[in-house]
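Working notes for the structure below.
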Amino acid sequence: QVQLVESGGGLVQPGGSLRLSCAVSGSDFRSSPMGWYRQAPEKQREMVASITTGGKPNYKDSVKGRFTISRDNAKNMVFLQMISLKPEDTAVYYCNLPFGRPWEWGKGTLVTVSS
């Protein structure tokens, strides 16, 4: 059974930065593309970034130039570096497969961007 554990969220002022981490266990991580999602209050979950098994990233337009996704196959982890954060980035962030039937969702990590 795949387990996803997200961490690194917190309260940050507009313009600030955070680095999110996702630890993946119970899967063949090296063979899995990965995605970062977020769900803001009263909104549907959306994918903001994905990365192929070879490390090629893709981003939602609203985060391009501000978010960077990366992975460490040796540690079975995927990361999301976020800079120039905006209040509209406030959400619970999750990692999971970027397409197909998702693994069981983790608890996510809350990012709050507020002054």
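Ordering of the structure tokens sets the chain letters (A, B, ...), residue numbers begin anew at 1 in every chain, and ligands are numbered from 1 in the order given.
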field: Nearby residues (only C-alpha atoms) at most 8 Å from A:Ile83, same-chain spacing under 3 positions excluded, as a VMD selection string
entry: chain A and resid 15 to 18 66 to 67
Contacts of A:Ser31 at 10 Å (only C-alpha atoms; same-chain gap of 3+ positions) as a list in words: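 What passes the distance filter is Ser27, Asp28, Met34, Thr52, Thr53, Gly54 and Asn73 of chain A.
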- line: One residue among A:Val24, A:Val63, A:Leu97, A:Val92 is nearest to A:Gln44 when using only C-alpha atoms, and that residue is A:Val92
message: When you look at A:Lys43 with a cut-off of 12 Å (counting only C-alpha atoms), what residues show up, excluding the ones that are within fewer than 6 positions of it in the same chain? I need them as a PyMOL selection string.
response: chain A and resi 88+90-92
Filtering to C-alpha atoms, could you give me those residues as a PDB file, in the first residue's frame?
```pdb
ATOM      1  CA  GLU A  88      -4.290  32.977  -3.591  1.00  0.00           C
ATOM      2  CA  THR A  90      -3.295  29.492   0.281  1.00  0.00           C
ATOM      3  CA  ALA A  91      -4.427  25.864   0.258  1.00  0.00           C
ATOM      4  CA  VAL A  92      -3.737  22.386   1.507  1.00  0.00           C
TER       5      VAL A  92
END
```
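Residues in contact with A:Ser50 at 7 Å, where only C-alpha atoms are counted and same-chain residues fewer than 3 positions away are skipped, are listed as A:Met34, A:Gly35, A:Trp36, A:Pro57, A:Asn58, A:Tyr59, A:Ile69, A:Pro98.
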Save the residues we just selected, all heavy atoms, as a PDB file, in the first residue's frame?
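Contents of part.pdb, as written:
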```pdb
ATOM      1  N   MET A  34       5.129  12.117 -10.803  1.00  0.00           N
ATOM      2  CA  MET A  34       4.520  12.639  -9.586  1.00  0.00           C
ATOM      3  C   MET A  34       3.931  14.025  -9.829  1.00  0.00           C
ATOM      4  O   MET A  34       4.384  14.767 -10.703  1.00  0.00           O
ATOM      5  CB  MET A  34       5.542  12.733  -8.459  1.00  0.00           C
ATOM      6  CG  MET A  34       6.020  11.383  -7.931  1.00  0.00           C
ATOM      7  SD  MET A  34       4.715  10.419  -7.149  1.00  0.00           S
ATOM      8  CE  MET A  34       4.188  11.490  -5.821  1.00  0.00           C
ATOM      9  N   GLY A  35       2.950  14.358  -9.040  1.00  0.00           N
ATOM     10  CA  GLY A  35       2.324  15.670  -9.138  1.00  0.00           C
ATOM     11  C   GLY A  35       2.102  16.289  -7.778  1.00  0.00           C
ATOM     12  O   GLY A  35       1.994  15.569  -6.770  1.00  0.00           O
ATOM     13  N   TRP A  36       2.055  17.595  -7.748  1.00  0.00           N
ATOM     14  CA  TRP A  36       1.639  18.352  -6.564  1.00  0.00           C
ATOM     15  C   TRP A  36       0.280  18.968  -6.877  1.00  0.00           C
ATOM     16  O   TRP A  36       0.073  19.568  -7.947  1.00  0.00           O
ATOM     17  CB  TRP A  36       2.631  19.459  -6.222  1.00  0.00           C
ATOM     18  CG  TRP A  36       3.795  18.995  -5.409  1.00  0.00           C
ATOM     19  CD1 TRP A  36       5.051  18.706  -5.848  1.00  0.00           C
ATOM     20  CD2 TRP A  36       3.813  18.776  -3.988  1.00  0.00           C
ATOM     21  NE1 TRP A  36       5.842  18.313  -4.797  1.00  0.00           N
ATOM     22  CE2 TRP A  36       5.106  18.354  -3.635  1.00  0.00           C
ATOM     23  CE3 TRP A  36       2.863  18.898  -2.969  1.00  0.00           C
ATOM     24  CZ2 TRP A  36       5.487  18.049  -2.336  1.00  0.00           C
ATOM     25  CZ3 TRP A  36       3.232  18.599  -1.685  1.00  0.00           C
ATOM     26  CH2 TRP A  36       4.528  18.179  -1.371  1.00  0.00           C
ATOM     27  N   PRO A  57       9.623  18.799 -15.793  1.00  0.00           N
ATOM     28  CA  PRO A  57       8.516  19.390 -15.056  1.00  0.00           C
ATOM     29  C   PRO A  57       7.439  19.997 -15.962  1.00  0.00           C
ATOM     30  O   PRO A  57       7.695  20.309 -17.124  1.00  0.00           O
ATOM     31  CB  PRO A  57       9.196  20.498 -14.249  1.00  0.00           C
ATOM     32  CG  PRO A  57      10.286  20.962 -15.168  1.00  0.00           C
ATOM     33  CD  PRO A  57      10.743  19.747 -15.933  1.00  0.00           C
ATOM     34  N   ASN A  58       6.287  20.170 -15.388  1.00  0.00           N
ATOM     35  CA  ASN A  58       5.207  20.885 -16.065  1.00  0.00           C
ATOM     36  C   ASN A  58       4.432  21.638 -14.989  1.00  0.00           C
ATOM     37  O   ASN A  58       4.291  21.134 -13.861  1.00  0.00           O
ATOM     38  CB  ASN A  58       4.283  19.916 -16.793  1.00  0.00           C
ATOM     39  CG  ASN A  58       3.347  20.636 -17.741  1.00  0.00           C
ATOM     40  OD1 ASN A  58       3.734  21.590 -18.404  1.00  0.00           O
ATOM     41  ND2 ASN A  58       2.100  20.205 -17.805  1.00  0.00           N
ATOM     42  N   TYR A  59       3.942  22.847 -15.333  1.00  0.00           N
ATOM     43  CA  TYR A  59       3.321  23.699 -14.324  1.00  0.00           C
ATOM     44  C   TYR A  59       2.012  24.296 -14.803  1.00  0.00           C
ATOM     45  O   TYR A  59       1.824  24.586 -15.988  1.00  0.00           O
ATOM     46  CB  TYR A  59       4.265  24.858 -13.960  1.00  0.00           C
ATOM     47  CG  TYR A  59       5.606  24.413 -13.425  1.00  0.00           C
ATOM     48  CD1 TYR A  59       6.717  24.347 -14.248  1.00  0.00           C
ATOM     49  CD2 TYR A  59       5.747  24.051 -12.084  1.00  0.00           C
ATOM     50  CE1 TYR A  59       7.946  23.925 -13.762  1.00  0.00           C
ATOM     51  CE2 TYR A  59       6.973  23.636 -11.594  1.00  0.00           C
ATOM     52  CZ  TYR A  59       8.066  23.575 -12.440  1.00  0.00           C
ATOM     53  OH  TYR A  59       9.275  23.157 -11.952  1.00  0.00           O
ATOM     54  N   ILE A  69       9.214  22.118  -9.158  1.00  0.00           N
ATOM     55  CA  ILE A  69       9.062  20.749  -8.684  1.00  0.00           C
ATOM     56  C   ILE A  69      10.351  19.981  -8.954  1.00  0.00           C
ATOM     57  O   ILE A  69      11.005  20.188  -9.983  1.00  0.00           O
ATOM     58  CB  ILE A  69       7.852  20.054  -9.357  1.00  0.00           C
ATOM     59  CG1 ILE A  69       7.567  18.706  -8.716  1.00  0.00           C
ATOM     60  CG2 ILE A  69       8.048  19.952 -10.854  1.00  0.00           C
ATOM     61  CD1 ILE A  69       6.250  18.071  -9.193  1.00  0.00           C
ATOM     62  N   PRO A  98       0.153  12.100 -11.200  1.00  0.00           N
ATOM     63  CA  PRO A  98      -0.423  13.197 -11.975  1.00  0.00           C
ATOM     64  C   PRO A  98      -1.536  12.776 -12.925  1.00  0.00           C
ATOM     65  O   PRO A  98      -2.218  13.619 -13.500  1.00  0.00           O
ATOM     66  CB  PRO A  98       0.775  13.742 -12.750  1.00  0.00           C
ATOM     67  CG  PRO A  98       1.686  12.578 -12.899  1.00  0.00           C
ATOM     68  CD  PRO A  98       1.511  11.744 -11.654  1.00  0.00           C
TER      69      PRO A  98
END
```
Pick from A:Ser32, A:Glu42, A:Asn96, A:Leu85 nearest to A:Gln13, counting only C-alpha atoms: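 Under the stated criterion, the closest residue is A:Leu85.
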- prompt: Hey, can you check how far atom CA of A:Lys75 sits from atom CA of A:Glu6?
  reply: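 Distance reported for this atom pair: 14.0 Å.
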field: Neighbour list for A:Gly108 as a PyMOL selection string, cut-off 12 Å, only C-alpha atoms, skip fewer than 3 positions in-chain
entry: chain A and resi 3-10+20-23+36-40+45+91-96+104-105+111
- prompt: What does the distance between atom CA of A:Val2 and atom CA of A:Pro41 come to in Å, to one decimal place?
  reply: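 Atom CA of A:Val2 sits 26.3 Å away from atom CA of A:Pro41.
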task: Can you list, as a list in words, all residues belonging to chain A that DSSP tags as helix (DSSP H, G or I)?
output: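 DSSP-assigned helix (DSSP H, G or I) residues in chain A: Phe29, Arg30, Ser31, Asp61, Ser62, Val63, Pro87, Glu88 and Asp89 of chain A.
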Using N, CA and C atoms, can you export the residues from the last selection as an mmCIF file, in the first residue's frame?
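Here's the written file again_25.cif:
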```
data_model
loop_
_atom_site.group_PDB
_atom_site.id
_atom_site.type_symbol
_atom_site.label_atom_id
_atom_site.label_comp_id
_atom_site.auth_asym_id
_atom_site.auth_seq_id
_atom_site.Cartn_x
_atom_site.Cartn_y
_atom_site.Cartn_z
ATOM 1 N N PHE A 29 8.903 4.055 -6.811
ATOM 2 C CA PHE A 29 8.917 5.506 -6.986
ATOM 3 C C PHE A 29 9.606 5.918 -8.276
ATOM 4 N N ARG A 30 10.711 5.261 -8.580
ATOM 5 C CA ARG A 30 11.482 5.645 -9.766
ATOM 6 C C ARG A 30 10.650 5.542 -11.043
ATOM 7 N N SER A 31 9.667 4.666 -11.046
ATOM 8 C CA SER A 31 8.839 4.454 -12.234
ATOM 9 C C SER A 31 7.557 5.268 -12.227
ATOM 10 N N ASP A 61 -0.291 27.405 -15.298
ATOM 11 C CA ASP A 61 0.149 28.741 -15.702
ATOM 12 C C ASP A 61 0.307 29.698 -14.521
ATOM 13 N N SER A 62 -0.584 29.612 -13.564
ATOM 14 C CA SER A 62 -0.582 30.589 -12.469
ATOM 15 C C SER A 62 0.616 30.447 -11.531
ATOM 16 N N VAL A 63 1.363 29.346 -11.636
ATOM 17 C CA VAL A 63 2.521 29.168 -10.750
ATOM 18 C C VAL A 63 3.838 29.148 -11.510
ATOM 19 N N PRO A 87 -1.452 35.448 -1.667
ATOM 20 C CA PRO A 87 -2.579 34.973 -0.848
ATOM 21 C C PRO A 87 -3.410 33.897 -1.554
ATOM 22 N N GLU A 88 -3.514 33.975 -2.857
ATOM 23 C CA GLU A 88 -4.290 32.977 -3.591
ATOM 24 C C GLU A 88 -3.606 31.606 -3.668
ATOM 25 N N ASP A 89 -2.382 31.509 -3.185
ATOM 26 C CA ASP A 89 -1.713 30.214 -3.092
ATOM 27 C C ASP A 89 -2.111 29.470 -1.809
#
```
